[in-house]
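Peer 1: Sharing data.txt here; it has compact mmCIF, C-alpha atoms.
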# COMPACT_ATOMS: atom_id res chain seq x y z
CA ASN A 7 11.12 148.72 207.57
CA ARG A 8 7.77 147.70 209.05
CA ALA A 9 7.16 146.03 212.42
CA GLY A 10 8.41 142.47 212.23
CA GLY A 11 10.73 143.27 209.34
CA VAL A 12 14.43 142.47 209.49
CA ILE A 13 17.31 144.25 207.74
CA ARG A 14 20.73 142.78 208.40
CA SER A 15 23.73 141.23 206.69
CA ASP A 16 24.06 137.48 206.17
CA GLY A 17 26.17 137.26 209.33
CA GLY A 18 23.96 139.61 211.33
CA SER A 19 26.90 141.72 212.53
CA PRO A 20 26.24 145.30 213.68
CA PHE A 21 29.59 146.17 212.02
CA ALA A 22 28.26 145.25 208.55
CA ARG A 23 27.01 147.89 206.09
CA ILE A 24 23.26 147.41 205.54
CA VAL A 25 22.28 150.65 203.77
CA THR A 26 24.19 152.69 201.19
CA ALA A 27 22.11 155.43 199.62
CA PHE A 28 22.70 158.49 197.43
CA ALA A 29 19.91 160.95 196.60
CA GLY A 30 19.54 164.11 194.58
CA ASP A 31 16.81 165.23 196.96
CA THR A 32 16.04 163.73 200.42
CA ILE A 33 16.56 160.42 202.19
CA THR A 34 14.04 159.16 204.76
CA ILE A 35 14.42 155.89 206.67
CA ASN A 36 11.58 154.65 208.90
CA ASN A 37 12.37 151.66 211.09
CA ASP A 38 9.72 149.87 213.12
CA GLY A 39 11.41 146.49 212.87
CA ASP A 40 14.91 145.10 213.40
CA MET A 41 17.88 146.79 211.72
CA THR A 42 21.33 145.43 212.52
CA GLY A 43 24.28 147.14 210.85
CA ASN A 44 25.58 150.56 209.84
CA VAL A 45 24.71 153.07 207.11
CA PHE A 46 26.25 155.40 204.52
CA LEU A 47 23.79 158.12 203.49
CA ALA A 48 24.43 161.06 201.14
CA ALA A 49 21.76 163.49 199.92
CA PHE A 50 21.53 167.00 198.47
CA GLY A 51 18.50 167.56 200.71
CA ASP A 52 17.50 166.45 204.21
CA ILE A 53 18.37 163.09 205.75
CA GLU A 54 15.81 161.83 208.27
CA PHE A 55 16.10 158.57 210.19
CA ASN A 56 13.06 157.68 212.32
CA ASN A 57 13.47 154.74 214.69
CA THR A 58 10.25 153.76 216.44
CA SER A 59 11.21 150.15 217.13
CA ASN A 60 12.16 148.51 220.39
CA ASP A 61 13.33 145.58 218.28
CA SER A 62 15.97 148.17 217.71
CA TRP A 63 18.55 149.63 215.42
CA ASN A 64 21.67 147.70 216.48
CA VAL A 65 24.68 149.53 215.09
CA ALA A 66 28.47 149.51 215.35
CA GLY A 67 31.44 150.53 213.23
CA PHE A 68 31.39 153.54 210.92
CA ASN A 69 28.24 155.47 209.94
CA TRP A 70 28.24 158.46 207.58
CA PHE A 71 25.58 161.15 207.10
CA PHE A 72 26.34 163.67 204.31
CA SER A 73 23.48 166.13 203.81
CA GLY A 74 23.19 169.29 201.74
CA THR A 75 20.87 170.71 204.39
CA GLN A 76 20.49 168.79 207.68
CA THR A 77 20.44 165.30 209.22
CA VAL A 78 17.93 164.44 211.95
CA ILE A 79 17.71 161.11 213.80
CA ASN A 80 14.49 160.72 215.78
CA ASN A 81 14.42 157.86 218.28
CA THR A 82 11.29 156.87 220.16
CA GLY A 83 12.30 153.21 220.32
CA THR A 84 15.72 151.72 221.05
CA ILE A 85 19.10 152.37 219.43
CA ASN A 86 21.88 150.05 220.59
CA THR A 87 25.41 151.19 219.74
CA GLY A 88 28.36 148.82 219.99
CA PRO A 89 29.96 146.61 221.00
CA PHE A 90 33.52 147.96 221.11
CA PHE A 91 33.35 150.93 218.72
CA THR A 92 30.67 153.01 217.02
CA SER A 93 31.23 156.20 215.03
CA MET A 94 28.55 158.45 213.54
CA VAL A 95 29.91 161.30 211.38
CA PHE A 96 27.57 164.15 210.43
CA VAL A 97 28.43 166.62 207.67
CA SER A 98 26.01 169.36 206.60
CA PRO A 99 25.63 173.17 206.61
CA GLY A 100 22.65 172.88 208.98
CA ILE A 101 22.07 171.78 212.57
CA ASP A 102 22.39 168.01 212.71
CA GLN A 103 20.38 166.49 215.55
CA ILE A 104 19.64 163.32 217.46
CA ASN A 105 16.27 163.62 219.22
CA ASN A 106 16.07 160.86 221.81
CA GLU A 107 12.69 160.16 223.39
CA GLY A 108 13.41 156.45 223.80
CA LEU A 109 16.46 154.41 224.81
CA PHE A 110 19.96 155.04 223.47
CA THR A 111 22.46 152.44 224.70
CA VAL A 112 26.25 152.45 224.58
CA ASP A 113 28.55 149.42 224.71
CA GLY A 114 32.21 150.39 224.32
CA PHE A 115 33.07 153.76 222.72
CA THR A 116 30.43 155.68 220.79
CA GLY A 117 31.44 158.94 219.10
CA LEU A 118 28.96 161.39 217.56
CA PHE A 119 31.21 163.59 215.41
CA GLY A 120 29.90 166.78 213.79
CA LEU A 121 26.58 166.46 215.63
CA GLU A 122 25.38 169.90 216.70
CA GLU A 123 22.62 168.80 219.09
CA PHE A 124 21.95 165.69 221.12
CA ASN A 125 18.47 166.39 222.45
CA ASN A 126 17.52 164.02 225.27
CA ILE A 127 13.77 164.67 225.43
CA GLY A 128 12.57 162.55 228.33
CA GLY A 129 14.64 159.69 226.97
CA THR A 130 17.34 157.53 228.53
CA ILE A 131 21.01 157.15 227.70
CA SER A 132 22.23 153.86 229.17
CA MET A 133 25.76 152.50 229.42
CA VAL A 134 24.74 149.84 231.95
CA ASP A 135 26.18 146.44 231.07
CA GLY A 136 28.03 145.40 234.24
CA ALA A 137 31.34 146.87 233.03
CA THR A 138 32.87 150.33 233.53
CA ASP A 139 34.55 150.74 230.13
CA ASP A 140 31.86 152.61 228.19
CA VAL A 141 32.26 156.14 226.80
CA LEU A 142 29.76 158.32 224.94
CA PHE A 143 31.18 161.39 223.18
CA THR A 144 29.00 164.00 221.52
CA SER A 145 30.86 166.79 219.76
CA ASP A 146 28.63 169.80 220.48
CA ASP A 147 25.57 170.64 222.61
CA TYR A 148 23.68 168.25 224.87
CA ASN A 149 20.15 169.47 225.63
CA ALA A 150 18.09 167.84 228.39
CA SER A 151 14.35 168.31 228.77
CA LEU A 152 11.32 166.50 230.26
CA ASP A 153 13.37 164.74 232.99
CA PRO A 154 15.72 162.64 230.87
CA GLU A 155 17.96 159.99 232.40
CA LEU A 156 21.58 158.87 232.22
CA HIS A 157 22.38 155.35 233.47
CA VAL A 158 25.99 154.35 234.15
CA ASP A 159 28.04 151.62 235.80
CA ALA A 160 30.55 152.48 238.51
CA PHE A 161 32.82 150.26 240.63
CA LEU A 162 31.98 151.18 244.23
CA ASP A 163 34.35 148.83 246.02
CA PHE A 164 37.98 149.77 245.36
CA VAL A 165 40.92 151.60 246.91
CA PRO A 166 40.25 155.34 247.30
CA GLY A 167 40.76 157.29 244.09
CA ALA A 168 40.99 154.23 241.86
CA GLY A 169 37.30 153.61 241.22
CA GLU A 170 36.13 153.30 237.64
CA GLY A 171 32.94 154.30 235.88
CA ASP A 172 31.32 154.88 232.50
CA VAL A 173 31.82 158.41 231.14
CA PHE A 174 29.70 160.85 229.11
CA ILE A 175 31.82 163.50 227.33
CA ILE A 176 30.12 166.63 225.94
CA GLY A 177 31.98 168.82 223.45
CA ASN A 178 30.13 172.09 224.09
CA ASP A 179 27.27 173.17 226.38
CA ALA A 180 25.15 170.93 228.61
CA ASN A 181 21.70 172.49 228.94
CA GLY A 182 18.96 171.42 231.34
CA VAL A 183 18.86 168.84 234.12
CA THR A 184 19.56 165.10 233.72
CA TRP A 185 18.82 162.47 236.37
CA VAL A 186 21.62 159.97 236.85
CA THR A 187 21.25 156.35 237.95
CA VAL A 188 24.44 154.58 239.06
CA GLU A 189 24.60 150.77 239.02
CA ASN A 190 27.31 149.23 241.20
CA ALA A 191 29.47 147.10 238.89
CA ASP A 192 30.45 145.10 241.99
CA PRO A 193 27.04 144.16 243.46
CA ASP A 194 28.78 142.55 246.45
CA GLY A 195 30.90 145.63 247.07
CA VAL A 196 30.78 147.29 250.48
CA GLY A 197 31.78 150.77 249.29
CA VAL A 198 34.87 152.78 250.07
CA LEU A 199 35.78 156.25 251.27
CA ASP A 200 36.61 157.92 247.95
CA GLN A 201 36.86 161.69 248.03
CA GLU A 202 38.85 161.88 244.80
CA GLY A 203 35.96 160.28 242.99
CA ILE A 204 34.85 158.65 239.76
CA LEU A 205 34.40 160.86 236.70
CA LEU A 206 30.90 160.44 235.21
CA VAL A 207 30.40 163.52 232.99
CA GLY A 208 32.91 165.85 231.35
CA ILE A 209 31.99 169.08 229.53
CA VAL A 210 35.13 169.97 227.61
CA GLY A 211 34.24 172.89 225.35
CA GLY A 212 31.36 174.73 226.97
CA THR A 213 29.51 175.03 230.23
CA ALA A 214 26.80 173.37 232.30
CA THR A 215 24.16 176.07 232.13
CA GLU A 216 22.39 174.69 235.22
CA GLY A 217 25.69 174.49 237.11
CA VAL A 218 25.76 172.06 240.02
CA GLU A 219 22.18 170.92 239.28
CA ALA A 220 22.84 169.79 235.69
CA PHE A 221 23.48 166.14 236.62
CA GLN A 222 21.85 164.82 239.80
CA LEU A 223 21.40 161.38 241.28
CA ALA A 224 17.89 160.05 240.75
CA GLY A 225 16.51 159.29 244.19
CA GLY A 226 19.27 161.15 246.01
CA PRO A 227 22.57 159.91 247.49
CA ILE A 228 23.42 156.19 247.36
CA ASP A 229 24.27 154.24 250.52
CA VAL A 230 26.74 151.37 250.09
CA GLY A 231 27.82 149.83 253.39
CA PHE A 232 29.16 152.56 255.66
CA PHE A 233 29.53 155.05 252.79
CA GLN A 234 27.25 157.47 251.00
CA TYR A 235 27.85 158.44 247.36
CA ASP A 236 26.72 161.64 245.67
CA ILE A 237 27.56 163.67 242.55
CA TYR A 238 29.85 166.68 242.93
CA TYR A 239 30.33 169.46 240.39
CA GLU A 240 33.84 170.70 239.56
CA PRO A 241 33.97 173.99 237.59
CA VAL A 242 37.60 173.27 236.66
CA GLY A 243 38.25 169.65 235.80
CA VAL A 244 41.05 167.30 234.85
CA LEU A 245 40.08 166.91 231.16
CA GLY A 246 41.36 170.38 230.32
CA PRO A 247 41.77 173.94 231.66
CA PHE A 248 38.19 174.86 230.72
CA ALA A 249 36.49 171.55 231.43
CA GLU A 250 33.56 171.29 233.83
CA GLU A 251 33.01 167.88 235.36
CA PHE A 252 30.68 165.81 237.52
CA TRP A 253 32.24 163.26 239.87
CA LEU A 254 30.80 160.51 242.03
CA ARG A 255 32.38 160.73 245.50
CA SER A 256 31.73 159.13 248.86
CA ASP A 257 31.84 160.02 252.53
CA VAL A 258 30.94 158.04 255.63
CA ASN A 259 27.21 157.73 256.28
CA GLY A 260 25.17 157.55 259.47
CA ARG A 261 25.82 153.83 259.93
CA ALA A 262 29.52 154.49 260.43
CA TYR A 263 28.74 156.87 263.29
CA GLU A 264 26.33 154.37 264.84
CA LEU A 265 28.96 151.59 264.94
CA PRO A 266 31.04 152.97 267.89
CA ALA A 267 27.88 153.49 269.94
CA LEU A 268 26.74 149.95 269.18
CA THR A 269 30.15 148.55 270.08
CA SER A 270 30.10 150.48 273.36
CA ALA A 271 26.62 149.20 274.19
CA VAL A 272 27.67 145.60 273.55
CA GLN A 273 30.75 146.03 275.77
CA GLU A 274 28.61 147.49 278.58
CA LEU A 275 26.18 144.61 278.29
CA PHE A 276 29.04 142.11 278.43
CA HIS A 277 30.59 143.70 281.54
CA SER A 278 27.24 144.02 283.35
CA SER A 279 26.55 140.30 282.85
CA ASN A 280 29.85 139.32 284.46
Kindly present the structure from the file in structure tokens form.
Peer 2:
Amino acid sequence: NRAGGVIRSDGGSPFARIVTAFAGDTITINNDGDMTGNVFLAAFGDIEFNNTSNDSWNVAGFNWFFSGTQTVINNTGTINTGPFFTSMVFVSPGIDQINNEGLFTVDGFTGLFGLEEFNNIGGTISMVDGATDDVLFTSDDYNASLDPELHVDAFLDFVPGAGEGDVFIIGNDANGVTWVTVENADPDGVGVLDQEGILLVGIVGGTATEGVEAFQLAGGPIDVGFFQYDIYYEPVGVLGPFAEEFWLRSDVNGRAYELPALTSAVQELFHSSN
């Protein structure tokens, strides 16, 4: 699909099937245009899907990749998954991969089932849409390299312990360091003291090989009102007895400590003028 080309159903729904292909050898799809819809691909050889378009592959619903060797999705453009529900099922005897050097967005739940490697190679995974109901699940390893990014929404103005946020769930190991950007889903929020926290990343079947440094806030802690938010690593999480997790938690910042001194100074000024 060349630049400027469009592949979509009559209704243009990302839930519609736009490609069904069977091959005795290999299947290769190159998209530099606009693809909207899902795929069913089956081949005795390799399956390769190359998306170089920022006009995007917009996909939702069920996608199937059956390969006799290996499936590889290379993204240097934009892949938009959702809304609501997106499933990609990979079946092969090899190492199925998504190599993301571009933008991979999530709206709703996106599940990557049977995928051995999600390689975020200087790319960005974004769940930012102003809501805190997005989940990305990848069934095996997540590998971060070349300073990749994860963007999520979180509600930073709620009663302690009840904040909500988008979640990235990893089925096996998380390798490398990923820089996290948190967008406040309540832009008028003033923050809250929340030491229970908001779950952002869960590693349910393996380990974070970089430990506490695996997921870090880009630009450092976030100040919202009198509170400062940062990411905290939990080696034993709530998703299971062997889960490792990364939580966004808050504590009071320097402004909170300055307030009593300011109040005292104002009171002294008031009394000295009377």
Peer 1: Quick one, how far is CA of Glu251 (chain A) from CA of Val207 (chain A)?
Peer 2: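 Calculated distance between CA of Glu251 (chain A) and CA of Val207 (chain A) is 5.6 Å.
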Peer 1: Near Gly18 (chain A), counting all atoms listed in the file, which residues have an atom at most 8 Å away, once you skip same-chain residues fewer than 4 positions from it, shown as a list in words?
Peer 2: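 Result of the neighbour search: Arg14, Ala22, Thr42 and Gly43 of chain A.
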Peer 1: What's around region 107-117 of chain A at 8 Å? Count only C-alpha atoms, leave out sequence neighbours fewer than 6 positions away in its own chain, and write the answer as number ranges by chain.
Peer 2: A: 80-94, 126-135, 139-145
Peer 1: Do you know which residues are at most 8 Å from region 227-233 of chain A counting all atoms listed in the file, after dropping those on the same chain fewer than 2 positions away, and could you put them as a list of chain:residue names?
Peer 2: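 Counting only the stated atoms, we get A:Leu162, A:Gly195, A:Val196, A:Gly197, A:Val198, A:Leu199, A:Leu223, A:Gly225, A:Tyr235, A:Asp236, A:Ile237, A:Ser256, A:Asp257, A:Val258, A:Asn259, A:Gly260, A:Arg261, A:Ala262.
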Peer 1: Just give me the gap between CA of Val210 (chain A) and CA of Phe72 (chain A) in Å, one decimal is fine.
Peer 2: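 Atom-to-atom, CA of Val210 (chain A) and CA of Phe72 (chain A) are spaced 25.7 Å apart.
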Peer 1: Take CA of Asn181 (chain A) and CA of His157 (chain A) and report the distance between them in Å, one decimal.
Peer 2: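 Between CA of Asn181 (chain A) and CA of His157 (chain A) the gap works out to 17.7 Å.
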Peer 1: Ranking A:Ile35, A:Val186, A:Ala137, A:Ala160 by minimum distance to Gly226 (chain A) and counting only C-alpha atoms, which one comes first?
Peer 2: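 Among the listed residues, A:Val186 lies closest to Gly226 (chain A).
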Peer 1: Of the candidates A:Glu170, A:Glu155, A:Asp146, A:Glu123, which one gets nearest to Ala224 (chain A) if we count all atoms listed in the file?
Peer 2: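 Between A:Glu170, A:Glu155, A:Asp146, A:Glu123, the residue approaching Ala224 (chain A) most closely is A:Glu155.
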Peer 1: Could you list, as a list in words, every residue within 8 Å of Ala48 (chain A), counting only C-alpha atoms and ignoring same-chain residues fewer than 6 positions away?
Peer 2: Ala27, Phe28, Ala29, Ile33, Trp70, Phe71, Phe72 and Ser73 of chain A
Peer 1: Which centre and which edge lengths, in Å to one decimal, describe the axis-aligned box that holds all listed atoms of region 102-111 of chain A after 5 Å is added on each side, as AutoDock Vina command-line options?
Peer 2:
--center_x 17.6 --center_y 160.2 --center_z 218.8 --size_x 19.8 --size_y 25.6 --size_z 22.1
Peer 1: From the list A:Gly177, A:Gly74, A:Gly39, A:Pro193, which residue is nearest Gly212 (chain A) when using all atoms listed in the file?
Peer 2: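 Among A:Gly177, A:Gly74, A:Gly39, A:Pro193, it is A:Gly177 that comes nearest to Gly212 (chain A).
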Peer 1: Using all atoms listed in the file, determine which residues lie at most 10 Å from Ile101 (chain A), disregarding the query and same-chain residues fewer than 3 positions distant; provide the list as number ranges by chain.
Peer 2: A: 75-78, 96-98, 120-123
Peer 1: Using only C-alpha atoms, please write the residues we just selected to a file, as an mmCIF file, in the frame of the given file.
Peer 2:
data_model
loop_
_atom_site.group_PDB
_atom_site.id
_atom_site.type_symbol
_atom_site.label_atom_id
_atom_site.label_comp_id
_atom_site.auth_asym_id
_atom_site.auth_seq_id
_atom_site.Cartn_x
_atom_site.Cartn_y
_atom_site.Cartn_z
ATOM 1 C CA THR A 75 20.870 170.710 204.390
ATOM 2 C CA GLN A 76 20.490 168.790 207.680
ATOM 3 C CA THR A 77 20.440 165.300 209.220
ATOM 4 C CA VAL A 78 17.930 164.440 211.950
ATOM 5 C CA PHE A 96 27.570 164.150 210.430
ATOM 6 C CA VAL A 97 28.430 166.620 207.670
ATOM 7 C CA SER A 98 26.010 169.360 206.600
ATOM 8 C CA GLY A 120 29.900 166.780 213.790
ATOM 9 C CA LEU A 121 26.580 166.460 215.630
ATOM 10 C CA GLU A 122 25.380 169.900 216.700
ATOM 11 C CA GLU A 123 22.620 168.800 219.090
#
Peer 1: Give the answer as one residue: which of A:Asp16, A:Glu216, A:Asp147, A:Glu189 has the shortest atom-to-atom distance to Pro241 (chain A), using all atoms listed in the file?
Peer 2: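 The answer is A:Glu216, which sits nearest to Pro241 (chain A).
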Peer 1: Restricting the calculation to all atoms listed in the file, which member of A:Gln201, A:Thr187, A:Asn69, A:Thr215 is positioned closest to Glu250 (chain A)?
Peer 2: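 Using all atoms listed in the file, Glu250 (chain A) sits closest to A:Thr215.
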Peer 1: Taking only C-alpha atoms into account, which of A:Pro154, A:Gly30, A:Gly67, A:Gly208 comes nearest Phe174 (chain A)?
Peer 2: A:Gly208
